[in-house]
Every structure is written in structure tokens, then in C-alpha cells.
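Chemist: File follows, model26.cif with mmCIF, C-alpha atoms:
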```
data_upload
loop_
_atom_site.label_atom_id
_atom_site.label_comp_id
_atom_site.auth_asym_id
_atom_site.auth_seq_id
_atom_site.Cartn_x
_atom_site.Cartn_y
_atom_site.Cartn_z
CA MET A 1 118.50 91.06 66.64
CA THR A 2 117.16 87.50 66.39
CA LEU A 3 114.18 86.33 68.41
CA ALA A 4 116.42 84.33 70.78
CA GLU A 5 118.70 87.34 71.29
CA ASN A 6 115.68 89.52 71.92
CA ILE A 7 114.29 87.10 74.51
CA PHE A 8 117.70 86.86 76.18
CA GLU A 9 118.04 90.67 76.26
CA ASN A 10 114.61 91.08 77.87
CA LEU A 11 115.36 88.43 80.49
CA ARG A 12 118.79 89.90 81.14
CA LEU A 13 117.32 93.37 81.69
CA GLU A 14 114.68 91.91 84.00
CA LEU A 15 117.34 90.08 86.01
CA ARG A 16 119.57 93.15 86.16
CA ARG A 17 116.85 95.61 87.23
CA GLY A 18 116.58 94.38 90.81
CA CYS A 19 120.33 93.83 91.08
CA LEU A 20 121.01 97.46 90.15
CA THR A 21 118.95 98.70 93.05
CA LEU A 22 120.78 96.39 95.42
CA ALA A 23 124.16 97.47 94.00
CA VAL A 24 123.27 101.16 94.45
CA LEU A 25 122.14 100.56 98.04
CA VAL A 26 125.37 98.66 98.82
CA GLN A 27 127.49 101.45 97.44
CA LEU A 28 125.54 104.19 99.20
CA ARG A 29 126.46 102.94 102.64
CA HIS A 30 129.12 105.56 101.94
CA GLU A 31 128.17 108.97 100.63
CA HIS A 32 128.42 109.62 96.90
CA TYR A 33 127.12 112.02 94.31
CA GLY A 34 125.76 110.69 91.02
CA TYR A 35 128.91 110.63 88.91
CA THR A 36 131.29 109.22 91.55
CA LEU A 37 128.70 106.58 92.41
CA ARG A 38 128.55 105.57 88.76
CA LYS A 39 132.34 105.39 88.60
CA ALA A 40 132.55 103.39 91.84
CA LEU A 41 129.97 100.89 90.58
CA ALA A 42 131.70 100.61 87.19
CA ALA A 43 135.06 100.03 88.92
CA ARG A 44 133.52 97.00 90.65
CA GLY A 45 132.03 95.61 87.45
CA MET A 46 128.53 97.07 87.70
CA GLU A 47 128.21 99.44 84.74
CA ILE A 48 125.07 101.58 84.88
CA ASP A 49 123.92 103.95 82.22
CA GLU A 50 123.53 107.54 83.58
CA ASN A 51 119.97 107.72 82.28
CA THR A 52 119.16 104.76 84.52
CA LEU A 53 121.22 105.64 87.57
CA TYR A 54 120.31 109.30 88.16
CA PRO A 55 116.52 108.83 87.99
CA LEU A 56 116.91 105.66 90.10
CA LEU A 57 118.58 107.69 92.84
CA ARG A 58 115.62 110.08 92.89
CA ARG A 59 113.12 107.24 93.01
CA LEU A 60 114.95 105.60 95.91
CA GLU A 61 115.05 108.92 97.70
CA ALA A 62 111.34 109.46 97.11
CA GLN A 63 110.75 106.01 98.64
CA GLY A 64 112.68 107.09 101.72
CA LEU A 65 115.59 104.68 101.21
CA LEU A 66 118.13 107.44 100.57
CA THR A 67 118.75 110.88 101.94
CA SER A 68 120.45 113.61 99.98
CA GLU A 69 121.98 117.02 100.47
CA TRP A 70 123.40 119.69 98.20
CA ARG A 71 126.99 120.54 99.05
CA GLU A 72 129.86 122.33 97.37
CA GLU A 73 132.80 120.21 96.33
CA ALA A 74 135.61 121.28 93.98
CA LYS A 75 133.87 124.66 93.51
CA ARG A 76 130.74 122.95 92.25
CA ASN A 77 127.42 122.24 93.93
CA LYS A 78 126.67 118.54 93.98
CA ARG A 79 123.91 116.41 95.39
CA PHE A 80 125.28 113.76 97.74
CA TYR A 81 123.28 110.65 98.53
CA ARG A 82 123.57 108.05 101.27
CA LEU A 83 121.41 105.31 102.81
CA SER A 84 118.73 106.51 105.22
CA ALA A 85 117.81 104.61 108.40
CA ASP A 86 114.86 102.99 106.59
CA GLY A 87 117.16 102.30 103.66
CA GLU A 88 119.62 100.46 105.90
CA GLU A 89 116.85 98.25 107.22
CA ILE A 90 115.45 97.43 103.81
CA PHE A 91 118.94 96.94 102.41
CA GLY A 92 119.54 94.31 105.12
CA GLN A 93 116.35 92.49 104.13
CA LEU A 94 117.18 92.68 100.43
CA LEU A 95 120.69 91.41 101.03
CA LYS A 96 119.32 88.41 102.92
CA GLU A 97 116.90 87.75 100.06
CA TRP A 98 119.75 88.05 97.57
CA ASN A 99 121.89 85.58 99.52
CA ASP A 100 118.97 83.13 99.81
CA ILE A 101 118.34 83.28 96.08
CA ASN A 102 122.06 82.91 95.37
CA THR A 103 122.28 79.85 97.63
CA ALA A 104 119.16 78.32 96.11
CA ILE A 105 120.41 78.78 92.56
CA THR A 106 123.83 77.39 93.50
CA ASN A 107 122.12 74.36 95.05
CA LEU A 108 120.01 73.89 91.97
CA LEU A 109 123.05 74.03 89.72
CA MET B 1 129.98 123.88 77.41
CA GLU B 2 127.59 125.84 75.28
CA MET B 3 126.50 122.63 73.63
CA LEU B 4 125.93 121.01 77.03
CA ASP B 5 123.90 124.06 78.13
CA ARG B 6 121.70 123.78 75.06
CA TYR B 7 121.25 120.07 75.66
CA LEU B 8 120.26 120.61 79.30
CA GLN B 9 117.85 123.36 78.24
CA ALA B 10 116.24 120.91 75.84
CA VAL B 11 115.93 118.30 78.62
CA ARG B 12 114.42 120.91 80.97
CA ARG B 13 111.55 121.59 78.57
CA HIS B 14 110.30 118.02 79.00
CA LEU B 15 110.65 117.82 82.79
CA PRO B 16 107.87 118.30 85.35
CA TRP B 17 108.02 122.07 86.02
CA ARG B 18 108.17 121.78 89.82
CA ARG B 19 111.38 119.74 89.74
CA GLN B 20 113.02 121.22 86.64
CA ASP B 21 115.65 123.33 88.40
CA ASP B 22 116.62 120.63 90.87
CA ILE B 23 116.95 117.87 88.28
CA ILE B 24 118.85 120.06 85.81
CA ALA B 25 121.25 121.29 88.52
CA GLU B 26 122.03 117.71 89.52
CA LEU B 27 122.33 116.51 85.94
CA ARG B 28 124.63 119.45 85.13
CA ALA B 29 126.90 118.72 88.11
CA ASN B 30 127.18 115.04 87.12
CA LEU B 31 127.75 115.69 83.43
CA GLU B 32 130.26 118.47 84.05
CA ALA B 33 132.22 116.18 86.38
CA GLN B 34 132.18 113.51 83.68
CA LEU B 35 133.29 116.06 81.09
CA GLU B 36 136.18 117.17 83.30
CA ASP B 37 137.32 113.55 83.59
CA ARG B 38 137.23 113.14 79.81
CA GLU B 39 139.18 116.33 79.29
CA ALA B 40 141.72 115.32 81.96
CA GLU B 41 142.21 111.95 80.18
CA ARG B 42 142.93 113.73 76.90
CA GLY B 43 144.82 116.63 78.48
CA ARG B 44 142.79 119.11 76.40
CA LYS B 45 139.28 120.36 75.87
CA LEU B 46 136.96 118.25 73.72
CA THR B 47 136.52 119.36 70.13
CA ASP B 48 133.02 120.23 68.93
CA ALA B 49 132.74 116.89 67.15
CA GLU B 50 133.84 114.96 70.27
CA MET B 51 131.49 117.00 72.41
CA GLN B 52 128.63 116.30 70.03
CA ALA B 53 129.38 112.55 70.03
CA TRP B 54 129.60 112.53 73.83
CA ILE B 55 126.27 114.32 74.26
CA ARG B 56 124.60 112.16 71.63
CA GLN B 57 125.29 109.02 73.66
CA PHE B 58 122.97 110.26 76.46
CA GLY B 59 119.98 109.95 74.14
CA SER B 60 117.36 112.46 73.05
CA PRO B 61 116.32 115.12 75.61
CA LEU B 62 112.80 113.72 75.56
CA GLN B 63 114.04 110.22 76.49
CA VAL B 64 116.29 111.55 79.24
CA ALA B 65 113.47 113.65 80.74
CA ALA B 66 111.02 110.74 80.48
CA ARG B 67 113.16 108.73 82.93
CA TYR B 68 112.42 111.30 85.61
CA GLN B 69 108.67 111.05 85.16
CA PRO B 70 106.99 109.12 87.94
CA GLN B 71 104.81 107.15 85.55
CA GLN B 72 105.72 105.91 82.10
CA TYR B 73 102.43 104.36 81.06
CA LEU B 74 98.82 105.42 80.69
CA ILE B 75 97.33 102.21 82.11
CA GLY B 76 99.64 99.89 84.01
CA PRO B 77 99.83 96.09 83.95
CA GLU B 78 97.72 95.80 87.10
CA LEU B 79 94.73 97.72 85.74
CA PHE B 80 95.10 96.66 82.12
CA PRO B 81 93.15 93.34 82.26
CA ILE B 82 90.18 95.13 83.85
CA TYR B 83 90.48 97.96 81.33
CA ARG B 84 90.37 95.48 78.44
CA PHE B 85 87.39 93.69 79.97
CA VAL B 86 85.42 96.92 80.53
CA LEU B 87 86.37 98.26 77.11
CA ARG B 88 85.02 95.13 75.40
CA LEU B 89 81.85 95.34 77.48
CA ALA B 90 81.39 99.07 76.79
CA PHE B 91 82.06 98.52 73.06
CA GLY B 92 79.42 95.83 72.83
CA TRP B 93 76.74 97.72 74.73
CA CYS B 94 77.51 101.00 73.00
CA ALA B 95 77.17 99.39 69.55
CA VAL B 96 73.89 97.70 70.55
CA ILE B 97 72.36 100.88 72.04
CA PHE B 98 73.52 103.00 69.11
CA LEU B 99 72.14 100.60 66.51
CA ILE B 100 68.80 100.25 68.31
CA ALA B 101 68.47 104.06 68.64
CA LYS B 102 69.40 104.58 64.99
CA THR B 103 67.03 101.85 63.83
CA VAL B 104 64.16 103.52 65.70
CA GLU B 105 65.08 106.88 64.20
CA ILE B 106 65.39 105.49 60.70
CA VAL B 107 62.11 103.54 60.94
CA GLY B 108 60.45 106.77 62.05
CA ASN B 109 61.77 108.54 58.97
CA GLY B 110 60.60 105.87 56.51
CA PHE B 111 63.74 103.77 55.99
CA PRO B 112 65.87 106.10 53.82
CA ILE B 113 68.93 104.19 52.52
CA GLN B 114 71.19 107.20 53.09
CA ALA B 115 70.26 107.13 56.78
CA TRP B 116 71.44 103.50 57.08
CA ALA B 117 74.72 104.36 55.37
CA GLY B 118 75.10 107.42 57.61
CA ALA B 119 74.46 105.37 60.75
CA LEU B 120 77.03 102.74 59.77
CA ALA B 121 79.57 105.44 58.93
CA GLN B 122 78.90 107.06 62.32
CA LEU B 123 79.33 103.83 64.30
CA PRO B 124 83.18 103.75 64.26
CA TRP B 125 83.27 107.34 65.53
CA VAL B 126 80.79 106.56 68.33
CA LEU B 127 82.89 103.52 69.34
CA PHE B 128 86.05 105.62 69.20
CA VAL B 129 84.55 108.25 71.56
CA ASN B 130 83.34 105.44 73.82
CA ALA B 131 86.85 103.93 73.91
CA ALA B 132 88.32 107.37 74.61
CA ILE B 133 85.98 107.88 77.61
CA VAL B 134 86.76 104.42 79.06
CA THR B 135 90.49 105.00 78.53
CA LEU B 136 90.28 108.40 80.20
CA VAL B 137 88.49 106.94 83.24
CA PHE B 138 91.14 104.21 83.59
CA ALA B 139 94.01 106.64 83.06
CA ILE B 140 92.59 108.77 85.91
CA LEU B 141 92.29 105.65 88.09
CA GLU B 142 95.88 104.70 87.26
CA ARG B 143 97.21 108.14 88.12
CA SER B 144 95.21 108.17 91.34
CA GLY B 145 97.12 105.07 92.41
CA VAL B 146 94.06 102.96 93.07
CA LYS B 147 95.08 99.57 94.45
CA ILE B 148 93.70 96.54 92.65
CA PRO B 149 93.26 93.48 94.82
CA GLU B 150 94.22 90.03 93.55
CA GLY B 151 91.54 88.33 91.52
CA ALA B 152 89.76 91.59 90.65
CA ALA B 153 90.53 91.12 86.99
CA ASN B 154 88.76 87.77 86.95
CA GLY B 155 85.66 89.27 88.50
CA ALA B 156 86.27 87.15 91.59
CA PRO B 157 85.21 88.40 95.00
CA THR B 158 88.18 89.84 96.83
CA ASP B 159 87.11 89.11 100.35
CA THR B 160 89.36 86.14 101.17
CA ASP B 161 88.66 86.13 104.90
CA TRP B 162 86.74 82.83 104.77
CA THR B 163 86.91 82.34 108.53
CA ARG B 164 84.24 84.99 109.07
CA GLY B 165 81.75 82.80 107.21
CA VAL B 166 82.21 79.90 109.64
CA ALA B 167 82.38 82.04 112.78
CA SER B 168 78.65 81.85 113.44
CA PRO B 169 75.55 80.87 111.46
CA PHE B 170 74.22 84.42 111.86
CA HIS B 171 77.35 86.02 110.41
CA ALA B 172 77.51 83.41 107.67
CA ALA B 173 74.00 84.34 106.57
CA LEU B 174 74.75 88.04 106.83
CA ASP B 175 77.96 87.72 104.81
CA LYS B 176 76.21 85.70 102.14
CA ARG B 177 73.70 88.53 101.68
CA ARG B 178 76.48 91.11 101.55
CA LYS B 179 78.73 89.41 99.02
CA PRO B 180 81.59 91.88 98.53
CA LYS B 181 81.58 93.89 95.36
CA THR B 182 84.50 93.19 93.03
CA TYR B 183 86.64 95.97 91.59
CA ALA B 184 85.42 95.11 88.08
CA GLN B 185 81.80 95.48 89.27
CA ALA B 186 82.58 98.84 90.84
CA VAL B 187 84.22 100.10 87.63
CA ILE B 188 81.32 98.81 85.53
CA GLU B 189 78.92 100.65 87.85
CA VAL B 190 80.81 103.91 87.27
CA ILE B 191 80.90 103.44 83.51
CA SER B 192 77.26 102.41 83.26
CA GLY B 193 76.35 105.39 85.51
CA TRP B 194 78.25 107.62 83.10
CA ILE B 195 76.45 106.14 80.07
CA VAL B 196 73.05 106.57 81.80
CA LEU B 197 73.90 110.21 82.56
CA ILE B 198 74.82 110.90 78.93
CA TRP B 199 71.64 109.14 77.85
CA LEU B 200 69.59 111.28 80.27
CA LEU B 201 71.16 114.49 78.98
CA LEU B 202 70.46 113.46 75.38
CA VAL B 203 66.80 112.58 75.96
CA PRO B 204 65.43 116.18 75.66
CA HIS B 205 67.19 116.55 72.28
CA TYR B 206 66.44 113.02 71.04
CA PRO B 207 63.16 111.92 72.66
CA PHE B 208 63.25 108.63 70.73
CA LEU B 209 65.98 107.50 73.14
CA LEU B 210 63.26 107.36 75.80
CA MET B 211 60.08 106.73 73.84
CA GLY B 212 61.33 104.76 70.84
CA PRO B 213 58.80 104.78 67.96
CA GLY B 214 56.29 106.45 70.31
CA VAL B 215 58.09 109.72 69.53
CA LEU B 216 56.08 109.90 66.29
CA TYR B 217 52.91 110.09 68.38
CA LEU B 218 54.26 113.21 70.15
CA LYS B 219 54.10 115.12 66.86
CA VAL B 220 50.43 114.37 66.20
CA THR B 221 49.04 114.27 69.72
CA PRO B 222 47.10 117.34 70.92
CA PHE B 223 48.74 116.99 74.36
CA GLN B 224 52.06 118.17 75.75
CA LEU B 225 53.91 117.75 79.04
CA ALA B 226 53.44 120.37 81.79
CA PRO B 227 56.48 122.48 82.87
CA VAL B 228 56.71 120.49 86.14
CA TRP B 229 58.33 117.69 84.13
CA TRP B 230 61.38 119.89 83.56
CA THR B 231 61.82 120.26 87.33
CA PHE B 232 61.37 116.49 87.64
CA TYR B 233 63.91 115.88 84.84
CA TRP B 234 66.64 118.13 86.30
CA CYS B 235 66.10 116.63 89.74
CA VAL B 236 66.69 113.16 88.27
CA VAL B 237 69.84 114.44 86.49
CA VAL B 238 71.19 115.97 89.72
CA LEU B 239 70.55 112.74 91.65
CA ASN B 240 72.37 110.74 88.96
CA VAL B 241 75.34 113.13 89.01
CA ALA B 242 75.49 112.88 92.82
CA GLU B 243 75.40 109.07 92.75
CA LEU B 244 78.03 108.86 90.01
CA THR B 245 80.29 111.29 91.89
CA TRP B 246 79.87 109.19 95.02
CA ARG B 247 80.89 106.03 93.18
CA ILE B 248 83.92 107.69 91.56
CA ILE B 249 85.07 109.00 94.96
CA ASP B 250 84.70 105.49 96.41
CA LEU B 251 86.85 104.09 93.60
CA LEU B 252 89.50 106.77 93.98
CA ARG B 253 89.59 106.32 97.76
CA ASP B 254 89.82 102.57 97.42
CA ARG B 255 86.57 102.11 99.36
CA TRP B 256 84.30 100.54 96.76
CA GLN B 257 83.82 97.38 98.84
CA GLU B 258 82.50 99.14 101.89
CA SER B 259 78.76 98.98 102.34
CA HIS B 260 77.28 102.29 103.39
CA LEU B 261 73.99 101.62 105.11
CA ALA B 262 73.34 105.28 105.82
CA ARG B 263 74.09 106.18 102.23
CA HIS B 264 71.73 103.49 100.99
CA LEU B 265 68.97 105.00 103.10
CA VAL B 266 69.77 108.53 101.93
CA LYS B 267 69.65 107.33 98.32
CA GLN B 268 66.25 105.72 98.82
CA ALA B 269 64.98 108.88 100.51
CA CYS B 270 66.34 111.03 97.66
CA ASP B 271 64.59 108.82 95.12
CA LEU B 272 61.37 110.13 96.63
CA ILE B 273 62.21 113.76 95.78
CA PRO B 274 61.42 113.69 92.02
CA LEU B 275 58.22 111.80 92.77
CA LEU B 276 57.19 114.42 95.34
CA ILE B 277 57.90 117.14 92.77
CA ILE B 278 55.39 115.50 90.44
CA LEU B 279 52.87 115.01 93.24
CA ALA B 280 53.21 118.71 94.15
CA ALA B 281 52.37 119.82 90.60
CA PRO B 282 50.03 122.85 90.69
CA GLY B 283 46.45 121.69 90.30
CA ARG B 284 47.74 118.12 89.76
CA VAL B 285 48.21 119.06 86.11
CA LEU B 286 50.89 116.94 84.48
CA VAL B 287 49.72 117.15 80.87
CA LEU B 288 48.48 120.21 78.97
CA LEU B 289 46.75 120.83 75.68
CA LYS B 290 48.97 122.16 72.90
CA ASN B 291 46.06 124.41 71.99
CA PRO B 292 44.31 125.46 75.24
CA ALA B 293 41.29 126.70 73.28
CA ASP B 294 40.66 123.22 71.85
CA MET B 295 37.92 121.91 74.20
CA THR B 296 37.26 118.71 72.21
CA HIS B 297 40.01 116.93 74.16
CA ALA B 298 39.22 118.45 77.56
CA SER B 299 37.66 115.30 79.06
CA ALA B 300 40.48 113.08 77.73
CA LEU B 301 42.97 115.52 79.24
CA ALA B 302 41.25 115.34 82.64
CA GLN B 303 41.37 111.49 82.54
CA ILE B 304 45.05 111.47 81.52
CA ASN B 305 45.95 113.86 84.34
CA LEU B 306 43.91 111.91 86.87
CA TRP B 307 45.42 108.49 86.03
CA THR B 308 48.97 109.74 85.57
CA TYR B 309 48.77 111.43 88.95
CA ARG B 310 47.34 108.28 90.59
CA GLY B 311 50.09 106.24 88.97
CA PHE B 312 52.70 108.49 90.54
CA GLU B 313 50.91 108.32 93.88
CA ALA B 314 51.15 104.52 93.72
CA ILE B 315 54.86 104.61 92.78
CA ALA B 316 55.62 107.11 95.56
CA THR B 317 53.77 104.91 98.06
CA ILE B 318 55.77 101.85 97.00
CA VAL B 319 59.09 103.74 97.25
CA PHE B 320 58.10 105.11 100.65
CA LEU B 321 57.16 101.65 101.95
CA GLN B 322 60.48 100.30 100.62
CA LEU B 323 62.26 103.05 102.54
CA VAL B 324 60.39 102.19 105.74
CA TRP B 325 61.07 98.46 105.20
CA THR B 326 64.81 99.04 104.59
CA THR B 327 65.10 101.32 107.61
CA GLY B 328 63.35 98.75 109.82
CA ARG B 329 65.45 95.86 108.49
CA MET B 330 68.70 97.74 108.95
CA SER B 331 67.77 98.80 112.46
CA LEU B 332 66.97 95.17 113.29
CA GLU B 333 70.27 93.95 111.85
CA ALA B 334 72.18 96.60 113.78
CA TYR B 335 70.38 95.53 116.96
CA ARG B 336 71.19 91.83 116.33
CA ARG B 337 74.83 92.63 115.64
CA ARG B 338 74.99 94.57 118.86
CA LEU B 339 73.52 91.62 120.74
CA ALA B 340 75.98 89.22 119.06
CA THR B 341 78.91 91.48 119.99
CA ALA B 342 77.67 91.78 123.57
CA ARG B 343 77.66 87.96 123.88
#
```
Can the structure from this file be put into C-alpha cells for me?
Modeler:
Amino acid sequence: MTLAENIFENLRLELRRGCLTLAVLVQLRHEHYGYTLRKALAARGMEIDENTLYPLLRRLEAQGLLTSEWREEAKRNKRFYRLSADGEEIFGQLLKEWNDINTAITNLL
Amino acid sequence: MEMLDRYLQAVRRHLPWRRQDDIIAELRANLEAQLEDREAERGRKLTDAEMQAWIRQFGSPLQVAARYQPQQYLIGPELFPIYRFVLRLAFGWCAVIFLIAKTVEIVGNGFPIQAWAGALAQLPWVLFVNAAIVTLVFAILERSGVKIPEGAANGAPTDTDWTRGVASPFHAALDKRRKPKTYAQAVIEVISGWIVLIWLLLVPHYPFLLMGPGVLYLKVTPFQLAPVWWTFYWCVVVLNVAELTWRIIDLLRDRWQESHLARHLVKQACDLIPLLIILAAPGRVLVLLKNPADMTHASALAQINLWTYRGFEAIATIVFLQLVWTTGRMSLEAYRRRLATAR
């Protein structure tokens, strides 16, 4: 990897990091377990590596933005996540921030 | 499936033990669902080679488990500038103290060349241990989640509430006297307290750390210290441990900027204790003869004991007067503050 490619990759990852959280919060307005969430995000163009997504879900839950429950589905126990009340509020604020940034960048371009 | 089980077992070994079962159960459910999808796409079970390739793409068990750890670094970006600053400071002072102590020791032994070589060879190890201690302290601070205010890394005061200074001339003067301690200062206090404690504990084994070249005189002098000095010494050690513990607790509880008037008074009062121990020495004897039968030094001994004791009386008086002065000043300040609030 050349230096320019390396710099681009670092900046890309930095840019993506915050967007991933927002994407997960958007998608978890409806209940999902890890794998179906990953598939739903990928189907809408937001591919997330499982090693990133599953720990992210736990971190968001630890921060109180998500709630989870173990439930049996298709004869298998799965952990289902969805936005908590606090999560909904913070999601609203983040979405506004995202839209503001998007508008600002569009204006700048 | 067996391969997946073995993989999950390997991941489990690197997970925090309290959450192992929960994380592995969730990971298993997600991976098994993914595996089912793959098998459904192919209309058959995966071969061993396909299974191996599929599992390999998740990464090593250690890497997977590491993502579930709450903290991925020893010292984070917030603390790191202060860590680097303190490390440089501790390195410099440690090298200076070590070289001075070694020089005194070597001069006392008649400048053997091997001793110089030994000291220089020892220096990197001493610096390494010093760096390890500083790193350990910062790693503990990082794990404790201590919050670092903006500007702490530059050594700048963190109290940005400038309006208090212009509220009234009285408060402006008071605030100027009580300039808030920066985080860097608080950390340096803890580290220097730690170094002083180690130095104190080493003094009985290496008296030159306290007396320098005067240690040579100890070998030839007919006098020795009375046992009361051991009580005095351990009292000083205990007071240093207590103060250091207090400072560490303040750092961990994010309260290093608070001024504790009562604590300041208690500390001054405690400083009197070792002095009182000396003043309560039986028969006011602080120095003894190595050979009690040797009466040729009896009058010198009496003079040494008399003047040492008087010296301690003077020091104790000064410390006591300081305590009275501080108590009076603090009471007055408290009274003025009360008046100002009442207005």
C-alpha cells in the first residue's frame, strides 16, 4: 500500500466509524439480531464486518442506547436488539447532526 | 460444526471471564445462522476446506476476542501527552539522583574504576524500572477512567471560570492565592511522593542517600543513634504513605483540584507527631556511645544530646506556631467568606 493509499484508508475508516453507529441505530428502530442486522445493512449498501458489528452492538447497549433480549427463533436462541428510549433521543440528535453536516458539505461543494 | 466449536472455544479463552458465556452464545447464534445461509445457497453442507476458509476470514481468535474488550490501549490519547511529560521528567530526575548517589558511594570507596563501569551499566536498568513504575501508575489512572480537563497536558490551570476573579476584590485576591492545581502538577506530586517513599525506605540500607559523604564518619565515630530514631523513622514513613495514598485517591476520584482546608490542618498537626516522639525520648537521650564503657567521650555525648534535643524543641515550636497561624488564618477566611455571603 502506498503512502497516499494508506492515508486515504485511515481517513476513510475515520469517516466510516461514526456513520456505522448511525446506520446501526437507524436499522435498530426495528428489532434485529446480529446476523439479520448485518444482512439488512449490507442489503442497503452498508457492509459491516462481523468483528466490528457484534462488539459495537454490545458497546451501544452498555451505553444505554440499545436494549436486548434473548429469545428463541427457528429453534435457536438469539439475542435481539432494538433502540432504547434514550437511544431514540440520541439517534434523533445524531440524525440532525448528520443532516447538518451533509447540508454544509453539499453547500461547500 | 466441530471446527466452529473449536474456533469459538479458542475465542472464549481470550474473553473476559464474566461475559464469556454470553458473548460466545451470541457469536455462535450469529455464525450458525450465517453458516445455514451459506449451506442453503449451495444446497449442501460446506466441505472441510470451505469451512476452514470461512472461519479463517473472521480473523484469529485473539483478534476477535480483543474487539469485545472495553479498552484496547494501555494509555489513551487523552492521558498520553501528560504521561510523556512525566516520563521525561522522572527519567531526568531519576538519572540525576542515581548518578549523585553513585558518585558519593564511589568517592567513599576510593574511586575504583570497576565501580564507575558498574554504575553506568546499572543506569539503563534503573531508568527502565523508573519507566515501568510511571507507566504502571498511568495505566491504573487510564483504567480508572480519570477525566483529564482541557489544557492539563500543557500544564495550564484548568479553572476557566474567569468571572469569579472579577466578582469582588476580596474573591479575586482569594482566588489568586488559591491558584487551581493542574492535573500534571497533581500527577507529579504523586510520582515525586512515590520516589520520596522509596528513597525513605532505602535510607536504612544505604545511609549515604541521606548523609552523602558523611556516611564515612558514621564508621569511625564513637557515637550511634538511640533506638527512638527507629520509632521516629517509621512514623515518618507511615505519614508519607498516608499522604501518598490520599493524593492517589484524589486523582482516582477526580478531586485533585479541591482544596481541603481540614486536611491541610490535619497534615500540619500530624507533622508534629514524629517531633513529639523525639522530644519524648527517655532521658532526652538521642545519641548513645557505641561502647558504653568508654567514658572519654561522655562530656561530648552530653553536649550532643543537649543541643540535638534543643534543636528539635526549636523545630517543634516553629511547626506548632505554624499550625496555630494556619488555623487562625483559615478561621478568619471562613469568617470573612461567611460575611461576604451574608451580604
Chemist: If the PyMOL selection byres ((chain B and resi 83-99) around 10) were run on this exact file, what residues would it hold? Put them as an MDAnalysis selection string.
Modeler: chainID B and resid 75:82 100:105 116 119:120 122:124 126:128 130:135 137:139 153:155 184:185 187:188 191:192 195 209
Chemist: With 7 Å as the cut-off and all atoms listed in the file counted, what is the closest atom pair between each nearby residue of chain A and chain B? Distances in Å to one decimal, ordered by chain and number, as a Markdown table.
Modeler:
```
| residue | atom | partner | partner_atom | distance |
| --- | --- | --- | --- | --- |
| A:Gly34 | CA | B:Asn30 | CA | 6.0 |
| A:Tyr35 | CA | B:Asn30 | CA | 5.1 |
| A:Asn51 | CA | B:Val64 | CA | 6.1 |
| A:Pro55 | CA | B:Tyr68 | CA | 5.3 |
| A:Asn77 | CA | B:Ala29 | CA | 6.8 |
| A:Lys78 | CA | B:Ala29 | CA | 5.9 |
| A:Arg79 | CA | B:Glu26 | CA | 6.3 |
```
Chemist: Residues picked by the PyMOL selection byres ((chain B and resi 323-330) around 10) here, as a list in words?
Modeler: Leu261, Ala262, His264, Leu265, Val266, Lys267, Gln268, Ala269, Asp271, Leu272, Thr317, Ile318, Val319, Phe320, Leu321, Gln322, Ser331, Leu332, Glu333, Ala334, Tyr335 and Arg336 of chain B
Chemist: Could you please take those selected residues and save C-alpha atoms as an mmCIF file, keeping the file's coordinate frame?
Modeler:
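Printed below is result04.cif as written:
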```
data_model
loop_
_atom_site.group_PDB
_atom_site.id
_atom_site.type_symbol
_atom_site.label_atom_id
_atom_site.label_comp_id
_atom_site.auth_asym_id
_atom_site.auth_seq_id
_atom_site.Cartn_x
_atom_site.Cartn_y
_atom_site.Cartn_z
ATOM 1 C CA LEU B 261 73.990 101.620 105.110
ATOM 2 C CA ALA B 262 73.340 105.280 105.820
ATOM 3 C CA HIS B 264 71.730 103.490 100.990
ATOM 4 C CA LEU B 265 68.970 105.000 103.100
ATOM 5 C CA VAL B 266 69.770 108.530 101.930
ATOM 6 C CA LYS B 267 69.650 107.330 98.320
ATOM 7 C CA GLN B 268 66.250 105.720 98.820
ATOM 8 C CA ALA B 269 64.980 108.880 100.510
ATOM 9 C CA ASP B 271 64.590 108.820 95.120
ATOM 10 C CA LEU B 272 61.370 110.130 96.630
ATOM 11 C CA THR B 317 53.770 104.910 98.060
ATOM 12 C CA ILE B 318 55.770 101.850 97.000
ATOM 13 C CA VAL B 319 59.090 103.740 97.250
ATOM 14 C CA PHE B 320 58.100 105.110 100.650
ATOM 15 C CA LEU B 321 57.160 101.650 101.950
ATOM 16 C CA GLN B 322 60.480 100.300 100.620
ATOM 17 C CA SER B 331 67.770 98.800 112.460
ATOM 18 C CA LEU B 332 66.970 95.170 113.290
ATOM 19 C CA GLU B 333 70.270 93.950 111.850
ATOM 20 C CA ALA B 334 72.180 96.600 113.780
ATOM 21 C CA TYR B 335 70.380 95.530 116.960
ATOM 22 C CA ARG B 336 71.190 91.830 116.330
#
```
Chemist: Do you have the CA of Gln52 (chain B)-CA of Ile24 (chain B) distance handy?
Modeler: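 That distance, rounded to one decimal, is 18.9 Å.
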Chemist: I'd like to see the residues matched by the PyMOL selection byres ((chain A and resi 60-66) around 7) on this file, and ideally I'd get them as an NGL selection string.
Modeler: :A and (56-59 or 67-68 or 81-84 or 86-87)
Chemist: Around (66.2, 117.7, 95.4) in the file's own coordinates, what residues are found within 10 Å if you use only C-alpha atoms, given back as a ChimeraX atom specification?
Modeler: /B:231-232,234-236,238-239,270-274,276-277
